[in-house]
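Structure file run-v7.cif with mmCIF, C-alpha atoms:
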data_final
#
loop_
_atom_site.label_atom_id
_atom_site.label_comp_id
_atom_site.auth_asym_id
_atom_site.auth_seq_id
_atom_site.Cartn_x
_atom_site.Cartn_y
_atom_site.Cartn_z
CA MET A 1 15.75 107.58 -14.98
CA ARG A 2 18.36 106.18 -12.60
CA GLY A 3 15.61 105.58 -10.09
CA ALA A 4 13.61 103.81 -12.78
CA ARG A 5 16.63 101.65 -13.66
CA ARG A 6 17.21 100.84 -10.00
CA SER A 7 13.52 100.11 -9.63
CA ALA A 8 13.50 97.90 -12.72
CA ARG A 9 16.72 96.21 -11.62
CA GLY A 10 15.25 95.62 -8.19
CA GLU A 11 12.02 94.30 -9.68
CA SER A 12 13.98 92.01 -11.97
CA SER A 13 16.04 90.76 -9.01
CA ARG A 14 12.89 90.17 -6.99
CA LYS A 15 11.34 88.22 -9.87
CA ALA A 16 14.49 86.16 -10.28
CA ALA A 17 14.59 85.56 -6.55
CA GLY A 18 10.94 84.62 -6.65
CA ARG A 19 11.59 82.09 -9.37
CA GLU A 20 14.43 80.58 -7.37
CA VAL A 21 12.61 80.30 -4.05
CA GLU A 22 10.58 77.19 -4.79
CA PRO A 23 13.32 75.00 -6.32
CA PHE A 24 15.86 76.11 -3.70
CA THR A 25 13.49 75.35 -0.85
CA LEU A 26 12.55 71.96 -2.34
CA CYS A 27 16.19 71.03 -2.89
CA GLY A 28 17.04 72.16 0.61
CA GLU A 29 14.30 70.02 2.12
CA MET A 30 15.33 67.00 0.03
CA SER A 31 18.96 67.48 1.01
CA HIS A 32 18.04 67.70 4.69
CA LEU A 33 15.85 64.60 4.59
CA THR A 34 18.45 62.62 2.65
CA ARG A 35 21.22 63.62 5.02
CA ALA A 36 19.10 62.83 8.08
CA THR A 37 18.85 59.19 7.00
CA SER A 38 22.33 58.80 5.51
CA GLU A 39 24.55 59.91 8.39
CA PRO A 40 24.44 60.70 12.12
CA CYS A 41 23.81 64.20 13.41
CA ARG A 42 26.64 66.79 13.33
CA ARG A 43 27.13 66.53 17.09
CA ALA A 44 27.70 62.77 16.94
CA ARG A 45 29.94 63.05 13.87
CA GLY A 46 32.06 65.81 15.34
CA ALA A 47 32.37 64.40 18.84
CA ALA A 48 32.93 60.75 18.04
CA PHE A 49 34.12 60.48 14.45
CA ALA A 50 35.76 63.80 13.60
CA ARG A 51 38.47 62.09 11.54
CA ARG A 52 36.30 59.34 10.12
CA ALA A 53 34.55 59.18 6.79
CA ARG A 54 31.22 57.42 6.35
CA PRO A 55 29.78 54.85 6.79
CA PHE A 56 29.26 54.76 10.56
CA SER A 57 28.29 51.43 12.09
CA ALA A 58 25.55 51.06 14.68
CA TYR A 59 28.19 49.64 17.02
CA GLU A 60 30.25 52.84 16.80
CA LEU A 61 27.24 55.04 17.44
CA VAL A 62 26.10 53.00 20.44
CA SER A 63 29.66 52.94 21.81
CA ALA A 64 29.95 56.72 21.46
CA ARG A 65 26.61 57.20 23.20
CA GLU A 66 27.48 54.84 26.08
CA ALA A 67 30.87 56.53 26.54
CA GLY A 68 29.25 59.98 26.55
CA ARG A 69 31.24 61.16 23.55
CA ALA A 70 28.20 62.12 21.47
CA GLY A 71 26.76 64.51 24.07
CA GLY A 72 23.25 64.43 25.42
CA ALA A 73 21.40 61.55 27.06
CA GLY A 74 20.54 59.61 23.92
CA PHE A 75 20.37 59.55 20.14
CA SER A 76 19.22 62.62 18.26
CA ALA A 77 16.39 62.40 15.74
CA ALA A 78 18.98 62.27 12.93
CA ASP A 79 20.82 59.39 14.62
CA ARG A 80 17.58 57.44 15.06
CA ALA A 81 16.61 58.03 11.44
CA TYR A 82 20.06 56.93 10.25
CA LEU A 83 19.97 53.71 12.28
CA GLY A 84 16.35 53.04 11.32
CA ARG A 85 17.10 53.29 7.61
CA GLN A 86 19.88 50.72 7.99
CA HIS A 87 18.16 48.11 10.14
CA ILE A 88 14.37 48.52 10.20
CA PRO A 89 12.35 47.04 7.30
CA THR A 90 10.30 49.57 5.33
CA LYS A 91 8.04 47.15 3.45
CA GLY A 92 5.46 44.60 4.57
CA PRO A 93 4.32 42.66 6.37
CA TRP A 94 2.64 40.24 3.96
CA GLY A 95 1.45 36.68 4.23
CA VAL A 96 3.64 33.81 3.01
CA ASP A 97 1.56 30.76 3.95
CA ASP A 98 -1.64 29.78 5.73
CA VAL A 99 -1.04 26.86 8.11
CA GLU A 100 -3.44 25.39 10.63
CA SER A 101 -0.92 25.23 13.50
CA GLU A 102 1.03 28.08 15.07
CA ALA A 103 4.49 29.01 13.80
CA TYR A 104 6.87 29.08 16.76
CA VAL A 105 10.28 29.63 15.14
CA SER A 106 11.60 31.04 11.86
CA GLN A 107 14.91 31.90 10.25
CA PHE A 108 16.22 33.34 6.98
CA SER A 109 19.24 31.85 5.28
CA ALA A 110 22.35 34.03 5.31
CA ASP A 111 21.74 35.23 1.75
CA GLY A 112 18.01 35.76 2.31
CA SER A 113 16.99 33.30 -0.39
CA LEU A 114 15.30 30.82 1.98
CA LEU A 115 12.88 31.22 4.87
CA ILE A 116 12.48 28.31 7.28
CA ALA A 117 9.51 28.11 9.65
CA GLY A 118 8.80 25.54 12.38
CA PHE A 119 5.24 24.88 13.51
CA ARG A 120 3.53 23.39 16.53
CA GLY A 121 3.39 19.67 16.02
CA SER A 122 5.92 18.13 13.67
CA ARG A 123 5.98 20.36 10.58
CA ILE A 124 8.79 22.49 9.14
CA ARG A 125 8.55 24.31 5.83
CA VAL A 126 11.32 25.88 3.78
CA TYR A 127 10.19 28.69 1.46
CA ASP A 128 12.07 29.99 -1.58
CA ALA A 129 12.03 33.80 -1.36
CA GLU A 130 13.34 34.11 -4.92
CA LYS A 131 10.47 32.07 -6.39
CA GLY A 132 7.49 33.85 -4.89
CA TRP A 133 7.74 32.09 -1.51
CA LYS A 134 7.02 28.69 -3.03
CA ILE A 135 7.58 25.72 -0.73
CA HIS A 136 11.11 24.47 -1.30
CA LYS A 137 10.91 21.68 1.28
CA ASP A 138 8.01 20.32 3.36
CA ILE A 139 9.40 18.39 6.32
CA SER A 140 7.57 16.02 8.65
CA CYS A 141 9.77 15.79 11.72
CA ARG A 142 10.75 12.86 13.89
CA SER A 143 10.36 12.40 17.67
CA VAL A 144 8.85 15.81 18.33
CA HIS A 145 7.49 16.56 21.78
CA TRP A 146 4.62 19.07 21.45
CA THR A 147 6.40 21.43 19.05
CA VAL A 148 9.54 22.20 17.08
CA SER A 149 11.41 24.33 19.60
CA ASP A 150 14.17 25.64 17.31
CA ILE A 151 15.70 25.35 13.85
CA ALA A 152 19.13 26.14 12.42
CA LEU A 153 20.43 26.18 8.86
CA SER A 154 24.05 25.18 8.24
CA PRO A 155 26.37 27.85 6.78
CA ASP A 156 26.40 26.15 3.36
CA GLN A 157 22.56 26.01 3.44
CA ARG A 158 22.54 22.26 2.82
CA PHE A 159 21.48 20.94 6.20
CA LEU A 160 18.77 21.89 8.64
CA ALA A 161 18.98 21.03 12.32
CA TYR A 162 15.76 20.95 14.32
CA ALA A 163 15.14 20.44 18.00
CA SER A 164 12.20 19.73 20.27
CA LEU A 165 11.70 19.25 23.99
CA THR A 166 13.66 15.99 23.78
CA PRO A 167 17.38 15.06 24.05
CA ILE A 168 17.71 14.59 20.27
CA VAL A 169 18.68 17.12 17.58
CA HIS A 170 17.82 15.91 14.07
CA ILE A 171 19.56 16.95 10.86
CA VAL A 172 18.00 16.77 7.40
CA ASN A 173 19.31 17.65 3.94
CA VAL A 174 17.16 20.47 2.50
CA GLN A 175 18.90 20.65 -0.89
CA ASN A 176 18.23 17.19 -2.31
CA ALA A 177 15.68 16.64 -5.05
CA GLY A 178 12.60 15.61 -3.09
CA LYS A 179 10.17 18.31 -2.00
CA GLU A 180 8.54 16.11 0.68
CA SER A 181 10.72 14.91 3.52
CA HIS A 182 9.16 12.38 5.90
CA ALA A 183 11.54 11.41 8.68
CA ASN A 184 13.22 8.07 7.95
CA ILE A 185 10.61 7.20 5.32
CA THR A 186 11.45 9.29 2.28
CA GLU A 187 14.68 10.70 3.77
CA ILE A 188 17.02 10.04 6.66
CA HIS A 189 16.81 12.49 9.56
CA GLU A 190 20.06 11.85 11.43
CA GLY A 191 19.71 12.06 15.20
CA LEU A 192 22.31 13.58 17.54
CA ASP A 193 21.83 12.31 21.09
CA LEU A 194 22.88 15.03 23.52
CA THR A 195 22.62 12.78 26.57
CA GLY A 196 25.06 10.15 25.31
CA GLY A 197 22.47 7.39 25.27
CA ASP A 198 21.30 7.94 28.85
CA GLU A 199 17.53 7.82 29.08
CA ASP A 200 16.29 11.16 30.32
CA GLU A 201 12.68 11.83 29.40
CA ASP A 202 12.73 15.22 31.11
CA PHE A 203 15.65 16.58 29.03
CA GLY A 204 14.46 19.17 26.51
CA ILE A 205 16.27 21.40 24.01
CA PHE A 206 15.10 24.97 23.56
CA SER A 207 17.74 26.33 21.19
CA VAL A 208 20.14 24.95 18.56
CA LYS A 209 22.65 26.74 16.30
CA PHE A 210 25.42 25.73 13.90
CA SER A 211 28.94 27.07 14.28
CA LYS A 212 30.13 29.40 11.52
CA ASP A 213 32.21 26.63 9.95
CA GLY A 214 29.39 24.07 10.23
CA LYS A 215 31.51 21.63 12.27
CA GLU A 216 29.66 21.99 15.56
CA VAL A 217 26.22 22.69 16.93
CA VAL A 218 25.45 24.31 20.28
CA VAL A 219 22.23 23.78 22.23
CA GLY A 220 20.56 25.35 25.23
CA ASN A 221 18.40 23.11 27.39
CA ASN A 222 16.13 22.83 30.40
CA GLU A 223 18.99 21.61 32.59
CA LYS A 224 20.34 25.18 32.82
CA SER A 225 23.20 24.14 30.55
CA ILE A 226 24.91 24.72 27.22
CA TYR A 227 26.08 21.68 25.24
CA VAL A 228 28.45 21.78 22.26
CA TYR A 229 28.29 18.80 19.86
CA ASP A 230 31.22 17.94 17.58
CA LEU A 231 29.70 16.68 14.31
CA SER A 232 32.86 14.98 13.01
CA ALA A 233 33.54 13.19 16.31
CA ASN A 234 29.81 12.50 16.76
CA LYS A 235 29.81 13.36 20.45
CA VAL A 236 29.27 16.15 22.97
CA SER A 237 32.55 18.05 23.32
CA ALA A 238 31.56 20.53 26.06
CA ARG A 239 28.95 20.86 28.77
CA ILE A 240 28.64 24.17 30.58
CA ARG A 241 26.51 24.78 33.67
CA ALA A 242 25.54 28.18 32.40
CA HIS A 243 22.51 29.60 34.21
CA LYS A 244 20.18 29.32 37.18
CA ALA A 245 17.19 28.51 34.97
CA ASP A 246 16.31 27.11 31.51
CA VAL A 247 18.65 28.18 28.71
CA ASN A 248 16.23 29.32 26.01
CA ALA A 249 18.67 30.87 23.55
CA VAL A 250 22.26 30.19 22.53
CA THR A 251 24.51 30.92 19.55
CA PHE A 252 28.13 31.09 18.42
CA ALA A 253 29.51 34.63 18.46
CA ASP A 254 32.02 34.49 15.60
CA GLU A 255 33.94 32.36 13.13
CA THR A 256 36.41 31.03 15.71
CA GLY A 257 33.73 29.12 17.63
CA ASN A 258 35.43 30.02 20.90
CA VAL A 259 32.87 32.54 22.13
CA LEU A 260 29.24 31.72 22.87
CA TYR A 261 26.19 33.79 23.79
CA SER A 262 23.38 32.45 25.97
CA GLY A 263 20.06 33.74 27.28
CA SER A 264 17.95 32.26 30.06
CA ASP A 265 14.81 32.37 32.18
CA ASP A 266 16.99 33.93 34.86
CA SER A 267 16.80 37.16 32.79
CA LEU A 268 20.51 37.12 32.01
CA CYS A 269 22.43 37.10 28.75
CA LYS A 270 25.95 35.71 29.19
CA VAL A 271 29.09 35.74 27.06
CA TRP A 272 31.27 32.62 27.31
CA ASP A 273 34.87 32.03 26.19
CA ARG A 274 35.64 28.32 25.71
CA ARG A 275 39.39 29.01 25.77
CA CYS A 276 39.07 29.71 29.49
CA LEU A 277 38.23 26.09 30.29
CA SER A 278 40.63 25.09 33.06
CA GLY A 279 42.19 21.76 33.87
CA GLU A 280 42.45 18.50 31.99
CA LYS A 281 39.11 17.07 33.14
CA SER A 282 36.58 15.81 30.64
CA ALA A 283 33.78 18.07 29.38
CA GLY A 284 31.02 18.50 31.88
CA SER A 285 33.07 17.95 35.05
CA GLU A 286 31.66 19.64 38.12
CA ASN A 287 35.11 21.16 38.77
CA GLN A 288 35.43 22.65 35.31
CA THR A 289 35.22 26.43 35.07
CA LEU A 290 34.60 28.71 32.15
CA GLY A 291 35.40 32.39 31.82
CA HIS A 292 32.36 34.52 31.17
CA GLN A 293 30.75 37.90 31.63
CA GLU A 294 27.35 37.55 33.21
CA ASN A 295 26.68 41.20 33.95
CA VAL A 296 26.87 42.42 30.37
CA PHE A 297 23.15 42.38 29.61
CA ARG A 298 20.54 42.45 32.35
CA ARG A 299 17.33 44.34 31.69
CA GLU A 300 14.14 44.59 33.70
CA ILE A 301 12.11 44.55 30.48
CA VAL A 302 13.04 40.90 29.93
CA GLY A 303 10.11 39.71 32.04
CA SER A 304 9.92 35.99 32.61
CA CYS A 305 12.32 34.67 29.95
CA ILE A 306 14.63 35.41 27.04
CA ILE A 307 13.14 33.70 23.99
CA ALA A 308 15.79 34.09 21.31
CA ILE A 309 19.28 35.43 20.86
CA TYR A 310 21.14 36.12 17.62
CA TYR A 311 24.52 37.45 16.58
CA SER A 312 24.68 40.56 14.40
CA PRO A 313 27.67 40.32 12.03
CA SER A 314 30.21 43.16 11.99
CA GLU A 315 29.45 43.94 8.35
CA SER A 316 25.86 44.90 9.27
CA SER A 317 25.62 46.42 12.72
CA GLY A 318 28.48 44.88 14.68
CA LEU A 319 26.38 45.04 17.82
CA GLY A 320 26.92 41.42 18.76
CA LEU A 321 23.74 40.41 20.59
#

Let me see the file written as structure tokens.
Amino acid sequence: MRGARRSARGESSRKAAGREVEPFTLCGEMSHLTRATSEPCRRARGAAFARRARPFSAYELVSAREAGRAGGAGFSAADRAYLGRQHIPTKGPWGVDDVESEAYVSQFSADGSLLIAGFRGSRIRVYDAEKGWKIHKDISCRSVHWTVSDIALSPDQRFLAYASLTPIVHIVNVQNAGKESHANITEIHEGLDLTGGDEDEDFGIFSVKFSKDGKEVVVGNNEKSIYVYDLSANKVSARIRAHKADVNAVTFADETGNVLYSGSDDSLCKVWDRRCLSGEKSAGSENQTLGHQENVFRREIVGSCIIAIYYSPSESSGLGL
């Protein structure tokens, strides 16, 4: 009888265990998959952030890896999944427009509501992401040499700066009523002359970006230089002999406007601090020096040139370049 009870109790326990196996296993798998994409691996958490609560930024993880605090030679599968979930799109791609000429440059507005694309020739289109990618502004550019080389939207999303392989950066209002914007016909496209009126047909601009406060623009050009233009003073405020080849990419690093990033055909990315300008000489003097770090980013995979460079805000990844 006791044996029968033990047998029945054991059978009952086995049945109960059998009923619990499937949901427990499923929940365990779901928990593992969720955790793998919501936090770094235990090794990285324990070694680098033992006293820290989530979230972990990509900057912190990269710093821990480079300093050897996370153990191993690289990221674990959990670390890669965690970073991928934060920064790699999971939907798309899909078509927005069908244009006859090639699109060379594009940029989202800070809030993601607008997409701006520049095309070979003299066409820029602004698309409204919140209205099914309808054309918000169709811009026919002025004084374009071969193609629109770069575009930049001001922080308040009112003005668009565009550049070409010429000395002029043009600025157009993208928030006024008209959908069509023909340069100096339906709307004024204000021109900023980076050469100060000197005729230089060979001068070309590859990159243009607004400062975080919208008061300055910085450009990279084919004279191996970085120029900063003061919009209120309407003049170039700084000229920096930055590289040994064309400067294809440049941007402001933060809200202060003091630090700049640049990338060039010489396969170098450089970090510049404008506060290190020495002397009282005017901007662009041959004797002027600027503090910088030129050995921060040099990679063999660059190939022949660095095409674009952007700043990643601290609230997203904090990685900088």

For this session: Take the PyMOL selection byres ((chain A and resi 157-169) around 7), apply it to the structure above, and return the hits as a PyMOL selection string.
Result: chain A and resi 109+144-145+147-156+170-175+191-195+203-206+208

Those residues you just picked out, can you put them in a file as a short mmCIF file (atom, residue, chain, number, x, y, z; two decimals), in the coordinates of the input with C-alpha atoms?
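As written to disk, again_34.cif reads:
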data_model
loop_
_atom_site.label_atom_id
_atom_site.label_comp_id
_atom_site.auth_asym_id
_atom_site.auth_seq_id
_atom_site.Cartn_x
_atom_site.Cartn_y
_atom_site.Cartn_z
CA SER A 109 19.24 31.85 5.28
CA VAL A 144 8.85 15.81 18.33
CA HIS A 145 7.49 16.56 21.78
CA THR A 147 6.40 21.43 19.05
CA VAL A 148 9.54 22.20 17.08
CA SER A 149 11.41 24.33 19.60
CA ASP A 150 14.17 25.64 17.31
CA ILE A 151 15.70 25.35 13.85
CA ALA A 152 19.13 26.14 12.42
CA LEU A 153 20.43 26.18 8.86
CA SER A 154 24.05 25.18 8.24
CA PRO A 155 26.37 27.85 6.78
CA ASP A 156 26.40 26.15 3.36
CA HIS A 170 17.82 15.91 14.07
CA ILE A 171 19.56 16.95 10.86
CA VAL A 172 18.00 16.77 7.40
CA ASN A 173 19.31 17.65 3.94
CA VAL A 174 17.16 20.47 2.50
CA GLN A 175 18.90 20.65 -0.89
CA GLY A 191 19.71 12.06 15.20
CA LEU A 192 22.31 13.58 17.54
CA ASP A 193 21.83 12.31 21.09
CA LEU A 194 22.88 15.03 23.52
CA THR A 195 22.62 12.78 26.57
CA PHE A 203 15.65 16.58 29.03
CA GLY A 204 14.46 19.17 26.51
CA ILE A 205 16.27 21.40 24.01
CA PHE A 206 15.10 24.97 23.56
CA VAL A 208 20.14 24.95 18.56
#

For this session: Expand the PyMOL selection byres ((chain A and resi 222) around 6) into the individual residues it matches in the shown file, reporting them as a list of chain:residue names.
Result: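 Taken on the displayed file, the PyMOL selection byres ((chain A and resi 222) around 6) yields the residues A:Gly204, A:Asn221, A:Glu223, A:Lys224, A:Asp246.
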
Exercise. What is the atom CA of Tyr227 of chain A-atom CA of Arg241 of chain A distance in Å, reported with one decimal?
Worked result: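 Straight-line distance from atom CA of Tyr227 of chain A to atom CA of Arg241 of chain A works out to 9.0 Å.
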
Exercise. Do you have the atom CA of Ala67 of chain A-atom CA of Lys270 of chain A distance handy?
Worked result: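 Computing it gives 21.6 Å between the two atoms.
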
Problem set entry | Distance of atom CA of His136 of chain A from atom CA of Arg123 of chain A, expressed in Å to one decimal place |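 Value for the atom CA of Arg123 of chain A-atom CA of His136 of chain A distance: 13.6 Å.
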
Problem set entry | Hits from the PyMOL selection byres ((chain A and resi 124) around 9), listed as a VMD selection string | chain A and resid 116 to 119 122 to 123 125 to 126 137 to 141 148 151 162
